[in-house]
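Note sheet for the following structure.
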Amino acid sequence: MVAVTDVPAAMVSNQFFDEFTSKVRVKPIPWEGYSRAGLITSDELHQLKDFQKQHTQLVDYSESDAPSLATYVPLLVSLIEKLSSVDALQYLLVVLDELAERDLGCVQALASDMDTVSRVLFRCMDKKDDYLGLKACKILTGVAVTSNVEVAFDRMFAYLEKSMRSELTSVVDVALQVVQSALRVPRARSILYGEAPGCLTQMVDVLKRTVGGRTGAGKGVVAVSQTQYEVVFCLWLLTFERHVAVTIDRKYDVVSTMVEIARSAVKEKVVRIIVATWMNMAQHSANVPGLLVARVPACLETLRVGRNFNDEDLKQTLTELTDTLAEHTGIMTSWDEYVNQLKSGKLEWSGWHRSEQFWKIHVAKMDENDHRIVRLLARVLMAPESSDTSVAVACHDLSQYVKYNPEGKKFVAKVGAKQRVMQLMTEGATAEVKYEALMCVQQIMLNAWRN
């Protein structure tokens with residue numbers, strides 16, 4: 001499997017982005033005019049010309065033998081802070097990015113004055129130019145990853161969230177690659193998950209749109225498989241953090257989406273990163289119900305039998321994950337499956353819910369372990385991330401609990417479920433939710449009348 005340390009510091013590969021960078025390099029900038037206008041000093045102009053001469057000569061050297069141009073970093077940062085022309089800023093960021101990629105000394109020079117560097121780069125993000133803002137993010141990420149300095153990741157993720165809403169697939173693609181690089185830093189993972197949920201929500205939305213084969217429109221079309229790989233790669237990195245791994249599916253419903261993608265993915269690397277993410281999640285027992293409910297074992301079997309993968313590591317991981325989940329599926333009863341569905345927080349209509357026999361047999365189990373099942377149903381009703389279907393099913397299941405255990409209505413009221421169901425009768429998001437809430441309240445009232 002790929003290791004976290006193999007993630008590039010801040011590598012972005014995008015044809016449209018690269019072609020635009022080539023144009024920026026050769027675009028004439030009126031530096032002398034800026035000097036005459038007093039926007040830059042004559043000394044800065046002289047230093048800039050010296051830098052450009054030496055920068056042009058770098059092509060004659062290998063990376064290991066190239067002279068360091070780190071002494072020019074303060075000049076470039078100062079010019080970025082002074083100038084407002086988008087053309088000039090694009091050029092300055094391009095050369096600054098190239099220096100940071102080639103020369104560790106340049107990265108150290110940037111890291112040594114991070115307050116100023118952050119200020120000027122975030123200023124570039126405010127320019128409402130996609131290329132400029134994404135270049136600034138890339139540089140900032142590269143410095144953070146290489147030098148382990150403090151960076152305002154929350155602010156950068158907020159910018160990248162907006163970029164991912166672009167109709168240009170190339171903009172979305174570069175934004176995802178920058179996030180992918182930033183998540184090499186453990187602190188960035190915690191910030192993305194805890195302090196920038198809007199960015200993660202947008203990433204998941206991008207992933208879910210690819211299931212229908214649609215990633216957007218406009219210039220620089222990016223392959224669906226590449227977008228899928230980049231988003232799932234980010235999810236994989238996030239699942240190295242335990243607190244993320246045990247809650248991410250409940251919050252964002254990513255496992256079922258990955259199942260759909262894995263079943264139809266042509267690119268082996270997409271399947272590899274999905275399976276690696278599931279493997280991370282399966283290390284935590286709290287995730288097993290969700291993996292089972294999403295039919296991950298069946299998907300793994302389809303991949304193992306139906307696909308002839310070249311990657312031996314992938315084959316081994318498929319076998320290991322299949323064996324891990326098989327330990328939980330081998331002796332499952334219908335009640336076990338129901339409990340797993342409930343633990344996942346994602347309830348769906350099935351034969352159990354409509355079966356009177358099921359409830360008659362199992363209703364007593366709902367009161368075991370301090371009414372654990374009833375509490376889980378109440379949690380589904382209360383959770384803001386619960387789908388409309390899950391809420392409707394939870395209302396139905398509570399009505400069955402009260403129907404076959406009349407005394408249960410007292411506990412339903414105690415945990416706040418009765419009040420929530422009554423609220424859903426009028427405020428439910430769908431007609432189905434309102435109907436099931438009404439049926440649940442009627443059952444509670446019917447039992448009260450009988451008593």
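Identifiers in the structure tokens: chain A, B, ... in order shown; residue index from 1 per chain; ligand index from 1 in order shown.
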
Query raised in the report: Would you give me, as a PyMOL selection string, the residues in segment 95-267 of chain A that DSSP reads as alpha helix (DSSP H)?
Result: chain A and resi 95-102+104-111+114-125+130-147+153-163+169-182+186-194+197-210+224-238+242-245+248-252+255-264

Query - Contacts of Lys251 of chain A within 12 Å, only C-alpha atoms, excl. fewer than 2 positions in-chain, as a PyMOL selection string - result: chain A and resi 193-194+197+200-201+204+244-249+253-255+290+344-346+380+383-387

Query - Contact residues around Thr324 of chain A with only C-alpha atoms at 12 Å, ignoring same-chain residues under 4 positions, as an MDAnalysis selection string - result: chainID A and resid 278:285 288 291:292 296:297 300 317:320 328:330

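Minimum atom-to-atom distance to Val211 of chain A, evaluated using only C-alpha atoms, belongs to A:Gln228 out of A:Thr333, A:Gln316, A:Gln228, A:Ser42.
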